[in-house]
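Shown here: work25.csv, CSV, C-alpha atoms.
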```
chain,number,residue,atom,x,y,z
A,1,MET,CA,16.3,9.0,18.1
A,2,VAL,CA,15.2,10.8,21.3
A,3,ARG,CA,12.0,12.0,19.6
A,4,LEU,CA,11.2,8.5,18.4
A,5,ALA,CA,11.7,7.1,21.9
A,6,LEU,CA,9.4,9.7,23.4
A,7,THR,CA,6.7,9.2,20.8
A,8,LEU,CA,6.7,5.4,20.7
A,9,PRO,CA,4.2,5.0,23.6
A,10,VAL,CA,1.8,7.4,21.9
A,11,ALA,CA,2.3,5.6,18.5
A,12,ALA,CA,1.6,2.2,20.2
A,13,ALA,CA,-1.5,3.5,21.9
A,14,VAL,CA,-2.8,5.1,18.6
A,15,THR,CA,-2.1,1.8,16.8
A,16,LEU,CA,-3.8,-0.4,19.4
A,17,ALA,CA,-6.9,1.9,19.7
A,18,SER,CA,-7.2,2.1,15.9
A,19,ALA,CA,-6.8,-1.6,15.3
A,20,LEU,CA,-9.5,-2.4,17.9
A,21,ALA,CA,-11.8,0.3,16.4
A,22,ALA,CA,-11.2,-0.9,12.9
A,23,ALA,CA,-11.8,-4.5,13.7
A,24,ALA,CA,-15.1,-3.5,15.4
A,25,ALA,CA,-16.1,-1.3,12.4
A,26,ALA,CA,-15.2,-4.2,10.0
A,27,ALA,CA,-17.5,-6.6,11.9
A,28,LEU,CA,-20.4,-4.1,11.5
A,29,ASP,CA,-19.6,-3.0,7.9
A,30,ARG,CA,-18.4,-5.9,5.7
A,31,ARG,CA,-18.2,-3.5,2.8
A,32,GLY,CA,-15.1,-2.2,4.5
A,33,ARG,CA,-15.7,1.6,4.3
A,34,TRP,CA,-15.8,2.2,8.0
A,35,PRO,CA,-12.6,0.3,8.8
A,36,ARG,CA,-10.9,2.0,5.8
A,37,ALA,CA,-11.9,5.4,7.4
A,38,VAL,CA,-10.4,4.3,10.8
A,39,ALA,CA,-7.2,3.1,9.0
A,40,GLY,CA,-7.0,6.5,7.3
A,41,TRP,CA,-7.1,8.3,10.7
A,42,TRP,CA,-4.5,5.9,12.1
A,43,GLY,CA,-2.1,6.6,9.2
A,44,ARG,CA,-2.4,10.4,9.5
A,45,ALA,CA,-2.2,10.3,13.3
A,46,LEU,CA,0.9,8.2,13.3
A,47,LEU,CA,2.7,10.4,10.8
A,48,ALA,CA,1.8,13.5,12.7
A,49,VAL,CA,3.1,12.0,16.0
A,50,TRP,CA,6.4,11.4,14.3
A,51,GLY,CA,6.6,14.9,12.7
A,52,ILE,CA,6.2,13.7,9.1
A,53,ARG,CA,4.5,16.1,6.8
A,54,VAL,CA,2.9,14.7,3.7
A,55,GLU,CA,2.2,16.5,0.4
A,56,VAL,CA,-0.2,14.8,-2.0
A,57,ALA,CA,-0.1,15.5,-5.8
A,58,GLY,CA,-2.2,14.1,-8.6
A,59,HIS,CA,-5.7,13.9,-7.1
A,60,GLU,CA,-7.1,14.5,-10.5
A,61,ASN,CA,-5.5,11.2,-11.7
A,62,VAL,CA,-7.6,8.9,-9.6
A,63,PRO,CA,-9.8,6.9,-11.9
A,64,PRO,CA,-13.6,6.9,-11.3
A,65,GLY,CA,-13.8,3.1,-11.0
A,66,PRO,CA,-11.7,0.3,-9.6
A,67,ALA,CA,-7.9,0.2,-10.2
A,68,VAL,CA,-4.7,-1.3,-9.1
A,69,PHE,CA,-2.5,1.3,-7.5
A,70,ALA,CA,1.2,0.3,-7.7
A,71,ALA,CA,3.7,2.0,-5.4
A,72,ASN,CA,7.4,1.8,-4.6
A,73,HIS,CA,8.3,0.3,-1.2
A,74,GLY,CA,11.2,1.6,0.8
A,75,SER,CA,10.0,1.5,4.4
A,76,ALA,CA,7.4,0.3,6.9
A,77,LEU,CA,6.4,4.0,6.8
A,78,ASP,CA,4.8,3.3,3.4
A,79,ILE,CA,1.8,1.6,5.1
A,80,PRO,CA,0.6,4.5,7.2
A,81,LEU,CA,1.5,6.8,4.3
A,82,VAL,CA,-0.9,5.1,1.8
A,83,PHE,CA,-3.6,4.5,4.3
A,84,GLY,CA,-3.5,8.0,5.6
A,85,HIS,CA,-3.1,10.0,2.3
A,86,LEU,CA,-4.1,7.9,-0.7
A,87,PRO,CA,-7.6,9.3,-1.4
A,88,VAL,CA,-9.2,6.0,-2.4
A,89,ASP,CA,-11.2,3.3,-0.8
A,90,PHE,CA,-8.8,0.4,-1.3
A,91,ARG,CA,-7.7,-3.0,0.0
A,92,ILE,CA,-4.1,-4.0,0.3
A,93,ILE,CA,-2.5,-7.2,-0.9
A,94,HIS,CA,-0.3,-8.5,1.9
A,95,LYS,CA,1.6,-11.5,3.2
A,96,ARG,CA,-0.8,-14.0,4.6
A,97,SER,CA,1.3,-14.4,7.7
A,98,LEU,CA,0.1,-10.9,8.8
A,99,TYR,CA,-3.2,-12.6,9.7
A,100,LEU,CA,-1.3,-14.1,12.7
A,101,VAL,CA,-0.5,-10.7,14.1
A,102,PRO,CA,-2.9,-10.1,17.1
A,103,ILE,CA,-5.7,-7.6,16.4
A,104,VAL,CA,-4.0,-6.3,13.2
A,105,GLY,CA,-4.6,-9.7,11.6
A,106,LEU,CA,-8.2,-9.7,12.7
A,107,TYR,CA,-8.7,-6.3,11.2
A,108,LEU,CA,-7.1,-7.3,7.9
A,109,TRP,CA,-9.3,-10.4,7.6
A,110,LEU,CA,-12.6,-8.6,8.7
A,111,ALA,CA,-11.9,-5.6,6.5
A,112,GLY,CA,-11.4,-7.8,3.4
A,113,HIS,CA,-7.7,-7.1,2.7
A,114,ILE,CA,-6.2,-9.8,0.5
A,115,GLY,CA,-3.6,-12.2,2.0
A,116,ILE,CA,-1.3,-14.1,-0.3
A,117,ASP,CA,0.6,-17.2,0.7
A,118,ARG,CA,3.9,-16.6,-1.1
A,119,GLY,CA,5.3,-19.9,0.0
A,120,ASN,CA,2.6,-21.9,-1.8
A,121,PRO,CA,2.4,-21.1,-5.5
A,122,PHE,CA,-1.0,-22.9,-5.9
A,123,ARG,CA,-2.6,-21.0,-3.0
A,124,ALA,CA,-1.0,-17.7,-4.2
A,125,ARG,CA,-2.5,-18.2,-7.6
A,126,ARG,CA,-5.9,-19.0,-6.2
A,127,SER,CA,-5.8,-15.9,-4.0
A,128,LEU,CA,-4.8,-13.7,-7.0
A,129,GLU,CA,-7.6,-15.1,-9.1
A,130,SER,CA,-10.1,-14.3,-6.3
A,131,ALA,CA,-8.6,-10.8,-6.0
A,132,SER,CA,-9.0,-10.3,-9.7
A,133,ARG,CA,-12.7,-11.1,-9.5
A,134,ARG,CA,-13.1,-8.7,-6.6
A,135,ILE,CA,-11.3,-5.9,-8.5
A,136,ALA,CA,-13.5,-6.5,-11.5
A,137,ARG,CA,-16.6,-6.2,-9.2
A,138,GLY,CA,-15.4,-2.7,-8.1
A,139,THR,CA,-12.7,-3.1,-5.4
A,140,SER,CA,-9.5,-1.1,-5.8
A,141,VAL,CA,-6.2,-2.5,-4.4
A,142,VAL,CA,-2.8,-1.2,-3.5
A,143,VAL,CA,0.2,-3.3,-4.3
A,144,PHE,CA,4.0,-2.9,-3.7
A,145,PRO,CA,5.3,-4.7,-6.8
A,146,GLU,CA,8.9,-4.7,-5.6
A,147,GLY,CA,7.8,-7.5,-3.2
A,148,THR,CA,10.2,-6.3,-0.5
A,149,ARG,CA,11.5,-3.0,0.8
A,150,SER,CA,14.2,-1.3,-1.3
A,151,PRO,CA,17.5,-0.9,0.6
A,152,ASP,CA,18.0,2.6,-0.8
A,153,GLU,CA,16.1,5.3,-2.7
A,154,SER,CA,16.2,3.4,-6.0
A,155,VAL,CA,13.1,1.7,-7.3
A,156,GLN,CA,13.8,-2.0,-7.7
A,157,HIS,CA,12.4,-4.4,-10.3
A,158,PHE,CA,8.6,-4.7,-10.3
A,159,LYS,CA,7.3,-8.3,-10.2
A,160,ARG,CA,4.7,-9.1,-12.9
A,161,GLY,CA,2.1,-10.7,-10.6
A,162,SER,CA,0.3,-7.5,-9.6
A,163,PHE,CA,0.0,-6.6,-13.3
A,164,VAL,CA,-1.4,-9.9,-14.3
A,165,LEU,CA,-4.0,-9.1,-11.7
A,166,ALA,CA,-4.9,-5.8,-13.3
A,167,LEU,CA,-4.9,-7.2,-16.9
A,168,ALA,CA,-7.1,-10.2,-15.8
A,169,ALA,CA,-9.5,-7.8,-14.1
A,170,GLY,CA,-9.5,-5.3,-17.0
A,171,VAL,CA,-8.8,-2.3,-14.8
A,172,PRO,CA,-6.2,0.4,-15.1
A,173,VAL,CA,-2.9,0.5,-13.2
A,174,VAL,CA,-2.2,3.8,-11.4
A,175,PRO,CA,1.5,4.4,-10.7
A,176,VAL,CA,2.1,6.0,-7.2
A,177,SER,CA,5.5,7.5,-6.2
A,178,LEU,CA,6.3,7.6,-2.5
A,179,ALA,CA,9.1,10.2,-2.6
A,180,GLY,CA,11.4,11.2,0.2
A,181,VAL,CA,10.6,8.3,2.5
A,182,LYS,CA,14.3,7.3,2.8
A,183,ARG,CA,15.2,10.8,4.0
A,184,VAL,CA,12.9,10.4,7.0
A,185,ALA,CA,13.4,6.7,7.4
A,186,PRO,CA,16.9,6.0,6.0
A,187,GLY,CA,17.4,2.6,7.5
A,188,ARG,CA,16.5,0.9,10.7
A,189,PHE,CA,13.2,2.1,12.2
A,190,ARG,CA,15.0,3.8,15.2
A,191,GLU,CA,16.6,6.2,12.7
A,192,LEU,CA,13.2,7.7,11.9
A,193,ARG,CA,13.3,11.5,11.8
A,194,PRO,CA,10.8,14.4,11.2
A,195,GLY,CA,10.6,15.7,7.6
A,196,ARG,CA,8.5,16.0,4.5
A,197,VAL,CA,7.5,13.2,2.0
A,198,ARG,CA,5.4,13.3,-1.1
A,199,LEU,CA,2.8,11.0,-2.5
A,200,VAL,CA,2.4,11.5,-6.2
A,201,ILE,CA,-0.5,9.9,-8.1
A,202,HIS,CA,0.3,9.6,-11.8
A,203,PRO,CA,-2.0,9.2,-14.8
A,204,ALA,CA,-3.5,5.7,-15.1
A,205,ARG,CA,-2.2,3.1,-17.6
A,206,ALA,CA,-5.0,1.4,-19.4
A,207,THR,CA,-5.1,-2.3,-19.7
A,208,VAL,CA,-7.9,-2.7,-22.1
A,209,GLY,CA,-6.7,-4.4,-25.3
A,210,ARG,CA,-3.6,-5.7,-23.6
A,211,ALA,CA,-3.0,-9.5,-23.1
A,212,VAL,CA,-2.0,-11.0,-19.8
A,213,ASP,CA,1.3,-12.0,-21.5
A,214,ASP,CA,2.1,-8.2,-21.6
A,215,ALA,CA,2.3,-8.1,-17.8
A,216,ALA,CA,6.1,-7.8,-17.6
A,217,THR,CA,6.2,-5.0,-20.2
A,218,LEU,CA,3.4,-3.1,-18.3
A,219,ALA,CA,5.3,-3.7,-15.0
A,220,GLU,CA,8.4,-2.0,-16.4
A,221,GLU,CA,6.4,0.9,-17.9
A,222,VAL,CA,4.9,1.6,-14.5
A,223,ARG,CA,8.2,1.2,-12.6
A,224,LEU,CA,9.8,3.8,-14.8
A,225,VAL,CA,6.9,6.3,-14.1
A,226,VAL,CA,7.3,5.6,-10.4
A,227,ARG,CA,11.0,5.9,-10.5
A,228,ASP,CA,10.9,9.2,-12.4
A,229,GLY,CA,8.3,10.6,-10.0
A,230,CYS,CA,10.4,9.8,-7.0
A,231,ALA,CA,13.5,11.4,-8.6
A,232,ALA,CA,11.6,14.6,-9.6
A,233,SER,CA,10.1,15.0,-6.1
A,234,CYS,CA,13.4,14.6,-4.2
```

Any chance you could put this one into structure tokens?
Amino acid sequence: MVRLALTLPVAAAVTLASALAAAAAAALDRRGRWPRAVAGWWGRALLAVWGIRVEVAGHENVPPGPAVFAANHGSALDIPLVFGHLPVDFRIIHKRSLYLVPIVGLYLWLAGHIGIDRGNPFRARRSLESASRRIARGTSVVVFPEGTRSPDESVQHFKRGSFVLALAAGVPVVPVSLAGVKRVAPGRFRELRPGRVRLVIHPARATVGRAVDDAATLAEEVRLVVRDGCAASC
């Protein structure tokens, strides 16, 4: 608690500086690689400020082409964790309302991250169709298929929408386990504490030859891999 209070001004300064730099980089590089590099620095710096050490396993499982990376979601800490330590040039699929957050929203829009209007099924479907076309053209994405943060260390039901996206684009799904996050962020953000977490990249699940109707089955297959990865790493 005391450490968090002491580091909050530093974390806020790092976030503000990074958001401004990333937004500027995005304006200059519409491919998104420069802002992705800035976001990676932001994630690593923020975790270091809070005393969180990250171990990454499974580099060899990153596919050579575009993919959908599906991770469990237990904390706001997951965002700097994937930006800082997932060794991939990716975009995230996020709530469209984040575009309204000053500076951060500008960065998300300029850098080409994908906002979904969850309150409007028609617009959500149109956004997912657009995302599918972008993935097929070579853009990897990170998704949190639980849809909301898990209240404990369990891995909740994975919604099928992200897997429809992968099947429609014809790209593999890569399960990603974010293990130990609840130990360093057990509940409310003020309970954040120093510690170690692991990011485990599992072998990709192919989608070639599978129909879109198979999305729910694929979602459960990936959830079980993510769940077992979290359990083995704890």

Atom CA of A:Gly180 to atom CA of A:Val49, distance in Å rounded to a single decimal: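 So the answer is 17.9 Å.
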
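Each of A:Leu46, A:Ile114, A:Val184, A:Ala23 was compared to A:Val143 using only C-alpha atoms, and A:Ile114 turns out to be the nearest.
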
Atom CA of A:Val197 to atom CA of A:Leu218, straight-line distance in Å: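 If I compute the distance from atom CA of A:Leu218 to atom CA of A:Val197, I get 26.4 Å.
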
Distance of atom CA of A:Pro175 from atom CA of A:Arg210, expressed in Å to one decimal place: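 Interatomic distance, atom CA of A:Arg210 to atom CA of A:Pro175: 17.2 Å.
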
6 Å contact set for A:Pro35, all atoms listed in the file, chain neighbours under 4 positions out, as number ranges by chain: A: 22, 25-26

Nearby residues (only C-alpha atoms) at most 10 Å from stretch 225-228 of chain A, same-chain spacing under 3 positions excluded, as a list in words: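 The residues satisfying every condition are Ala70, Ala71, Asn72, Glu153, Ser154, Val155, Gln156, Val174, Pro175, Val176, Ser177, Leu178, Ala179, Val200, Ile201, His202, Pro203, Glu220, Glu221, Val222, Ala231, Ala232 and Ser233 of chain A.
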
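Candidate residues A:Val38, A:Pro64, A:Thr15, A:Glu129 were compared for distance to A:Ala168, and the nearest is A:Glu129, using only C-alpha atoms.
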
Please determine the residues with any atom at most 12 Å from (18.9, 13.7, 8.9) (coordinates as given in the file, with all atoms listed in the file counting) and report them as a JSON list (two decimals) with C-alpha atoms, in the frame of the given file.
```json
[["chain", "number", "residue", "atom", "x", "y", "z"],
["A", 1, "MET", "CA", 16.30, 9.00, 18.10],
["A", 180, "GLY", "CA", 11.40, 11.20, 0.20],
["A", 181, "VAL", "CA", 10.60, 8.30, 2.50],
["A", 182, "LYS", "CA", 14.30, 7.30, 2.80],
["A", 183, "ARG", "CA", 15.20, 10.80, 4.00],
["A", 184, "VAL", "CA", 12.90, 10.40, 7.00],
["A", 185, "ALA", "CA", 13.40, 6.70, 7.40],
["A", 186, "PRO", "CA", 16.90, 6.00, 6.00],
["A", 187, "GLY", "CA", 17.40, 2.60, 7.50],
["A", 191, "GLU", "CA", 16.60, 6.20, 12.70],
["A", 192, "LEU", "CA", 13.20, 7.70, 11.90],
["A", 193, "ARG", "CA", 13.30, 11.50, 11.80],
["A", 194, "PRO", "CA", 10.80, 14.40, 11.20],
["A", 195, "GLY", "CA", 10.60, 15.70, 7.60],
["A", 196, "ARG", "CA", 8.50, 16.00, 4.50]]
```

Residues within 10 Å of stretch 90-97 of chain A, all atoms listed in the file, excluding chain neighbours under 2 positions, as number ranges by chain: A: 32-33, 36, 66-69, 79, 82-83, 86-88, 99-101, 105, 108-109, 111-119, 124, 127-128, 131, 135, 138-144, 147, 162

Just the selected residues (C-alpha atoms), exported as a short mmCIF file (atom, residue, chain, number, x, y, z; two decimals), in the frame of the given file, please.
```cif
data_model
loop_
_atom_site.label_atom_id
_atom_site.label_comp_id
_atom_site.auth_asym_id
_atom_site.auth_seq_id
_atom_site.Cartn_x
_atom_site.Cartn_y
_atom_site.Cartn_z
CA GLY A 32 -15.10 -2.20 4.50
CA ARG A 33 -15.70 1.60 4.30
CA ARG A 36 -10.90 2.00 5.80
CA PRO A 66 -11.70 0.30 -9.60
CA ALA A 67 -7.90 0.20 -10.20
CA VAL A 68 -4.70 -1.30 -9.10
CA PHE A 69 -2.50 1.30 -7.50
CA ILE A 79 1.80 1.60 5.10
CA VAL A 82 -0.90 5.10 1.80
CA PHE A 83 -3.60 4.50 4.30
CA LEU A 86 -4.10 7.90 -0.70
CA PRO A 87 -7.60 9.30 -1.40
CA VAL A 88 -9.20 6.00 -2.40
CA TYR A 99 -3.20 -12.60 9.70
CA LEU A 100 -1.30 -14.10 12.70
CA VAL A 101 -0.50 -10.70 14.10
CA GLY A 105 -4.60 -9.70 11.60
CA LEU A 108 -7.10 -7.30 7.90
CA TRP A 109 -9.30 -10.40 7.60
CA ALA A 111 -11.90 -5.60 6.50
CA GLY A 112 -11.40 -7.80 3.40
CA HIS A 113 -7.70 -7.10 2.70
CA ILE A 114 -6.20 -9.80 0.50
CA GLY A 115 -3.60 -12.20 2.00
CA ILE A 116 -1.30 -14.10 -0.30
CA ASP A 117 0.60 -17.20 0.70
CA ARG A 118 3.90 -16.60 -1.10
CA GLY A 119 5.30 -19.90 0.00
CA ALA A 124 -1.00 -17.70 -4.20
CA SER A 127 -5.80 -15.90 -4.00
CA LEU A 128 -4.80 -13.70 -7.00
CA ALA A 131 -8.60 -10.80 -6.00
CA ILE A 135 -11.30 -5.90 -8.50
CA GLY A 138 -15.40 -2.70 -8.10
CA THR A 139 -12.70 -3.10 -5.40
CA SER A 140 -9.50 -1.10 -5.80
CA VAL A 141 -6.20 -2.50 -4.40
CA VAL A 142 -2.80 -1.20 -3.50
CA VAL A 143 0.20 -3.30 -4.30
CA PHE A 144 4.00 -2.90 -3.70
CA GLY A 147 7.80 -7.50 -3.20
CA SER A 162 0.30 -7.50 -9.60
#
```

Nearest residue to A:Leu8 from the set A:Leu47, A:Trp34, A:Asp214, A:Ser132 (distances using all atoms listed in the file):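 Distance minimum relative to A:Leu8 lands on A:Leu47.
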
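Counting all atoms listed in the file, the residue from A:Leu106, A:Leu224, A:Val208, A:Val173 that sits nearest to A:Ala24 is A:Leu106.
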
Using 3 Å of padding on each side, determine the axis-aligned box around all atoms of stretch 74-93 of chain A present in the file and give its centre and edge lengths in Å to one decimal, as JSON.
```
{"center_x": 0.0, "center_y": 1.4, "center_z": 2.4, "size_x": 28.4, "size_y": 23.2, "size_z": 15.6}
```

Expected answer as a list in words: all residues with atoms within 9 Å of (-5.9, 6.9, 11.1), only C-alpha atoms: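 The residues near that point, listed by chain and number, are Val14, Thr15, Ser18, Arg36, Ala37, Val38, Ala39, Gly40, Trp41, Trp42, Gly43, Arg44, Ala45, Leu46, Pro80, Phe83 and Gly84 of chain A.
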
Given all atoms listed in the file as the counted atoms, nearest of A:Asp78, A:Glu60, A:Asp89, A:Glu55 to A:Ala204: A:Glu60

A:Gly161 environment, 8 Å, all atoms listed in the file, sequence neighbours closer than 4 positions dropped, as a PyMOL selection string: chain A and resi 145+165+215

Which of A:Leu98, A:Ala136, A:Val164, A:Leu110 sits closest to A:Ala27 [using only C-alpha atoms]: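 Going through A:Leu98, A:Ala136, A:Val164, A:Leu110 one by one, the smallest distance to A:Ala27 is for A:Leu110.
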
Using the structure just given, write a file holding N, CA and C atoms for stretch 43-64 of chain A, as a tab-separated table (two decimals), in the first residue's frame.
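That gives us out-v7.tsv:
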```
chain	number	residue	atom	x	y	z
A	43	GLY	N	4.72	-0.43	-20.82
A	43	GLY	CA	4.35	-1.60	-20.03
A	43	GLY	C	5.49	-2.08	-19.16
A	44	ARG	N	6.69	-2.17	-19.72
A	44	ARG	CA	7.84	-2.64	-18.94
A	44	ARG	C	8.22	-1.65	-17.84
A	45	ALA	N	8.15	-0.36	-18.15
A	45	ALA	CA	8.50	0.66	-17.16
A	45	ALA	C	7.51	0.64	-16.00
A	46	LEU	N	6.23	0.53	-16.30
A	46	LEU	CA	5.22	0.56	-15.27
A	46	LEU	C	5.37	-0.65	-14.33
A	47	LEU	N	5.58	-1.81	-14.90
A	47	LEU	CA	5.74	-3.01	-14.07
A	47	LEU	C	7.00	-2.92	-13.21
A	48	ALA	N	8.08	-2.35	-13.77
A	48	ALA	CA	9.30	-2.18	-13.00
A	48	ALA	C	9.10	-1.21	-11.84
A	49	VAL	N	8.38	-0.13	-12.08
A	49	VAL	CA	8.10	0.85	-11.01
A	49	VAL	C	7.37	0.17	-9.86
A	50	TRP	N	6.48	-0.76	-10.16
A	50	TRP	CA	5.70	-1.43	-9.12
A	50	TRP	C	6.39	-2.68	-8.57
A	51	GLY	N	7.60	-2.97	-9.02
A	51	GLY	CA	8.34	-4.10	-8.49
A	51	GLY	C	7.83	-5.45	-8.95
A	52	ILE	N	7.26	-5.49	-10.14
A	52	ILE	CA	6.71	-6.75	-10.66
A	52	ILE	C	7.66	-7.32	-11.70
A	53	ARG	N	8.16	-8.50	-11.42
A	53	ARG	CA	9.07	-9.20	-12.33
A	53	ARG	C	8.27	-10.13	-13.24
A	54	VAL	N	8.66	-10.18	-14.49
A	54	VAL	CA	7.90	-10.96	-15.47
A	54	VAL	C	8.80	-12.01	-16.12
A	55	GLU	N	8.36	-13.25	-16.09
A	55	GLU	CA	9.02	-14.33	-16.81
A	55	GLU	C	8.17	-14.68	-18.04
A	56	VAL	N	8.82	-14.81	-19.17
A	56	VAL	CA	8.11	-15.14	-20.41
A	56	VAL	C	8.56	-16.51	-20.90
A	57	ALA	N	7.61	-17.37	-21.18
A	57	ALA	CA	7.93	-18.71	-21.70
A	57	ALA	C	7.15	-18.93	-22.99
A	58	GLY	N	7.75	-19.68	-23.91
A	58	GLY	CA	7.06	-20.07	-25.12
A	58	GLY	C	7.29	-19.17	-26.32
A	59	HIS	N	8.42	-18.43	-26.33
A	59	HIS	CA	8.73	-17.59	-27.50
A	59	HIS	C	8.65	-18.39	-28.79
A	60	GLU	N	9.05	-19.66	-28.72
A	60	GLU	CA	9.10	-20.49	-29.92
A	60	GLU	C	7.71	-20.80	-30.48
A	61	ASN	N	6.66	-20.51	-29.71
A	61	ASN	CA	5.30	-20.81	-30.15
A	61	ASN	C	4.63	-19.66	-30.89
A	62	VAL	N	5.33	-18.54	-31.04
A	62	VAL	CA	4.76	-17.41	-31.79
A	62	VAL	C	4.74	-17.75	-33.27
A	63	PRO	N	3.57	-17.76	-33.93
A	63	PRO	CA	3.51	-18.09	-35.36
A	63	PRO	C	4.22	-17.04	-36.21
A	64	PRO	N	4.66	-17.42	-37.40
A	64	PRO	CA	5.36	-16.46	-38.27
A	64	PRO	C	4.44	-15.41	-38.88
```
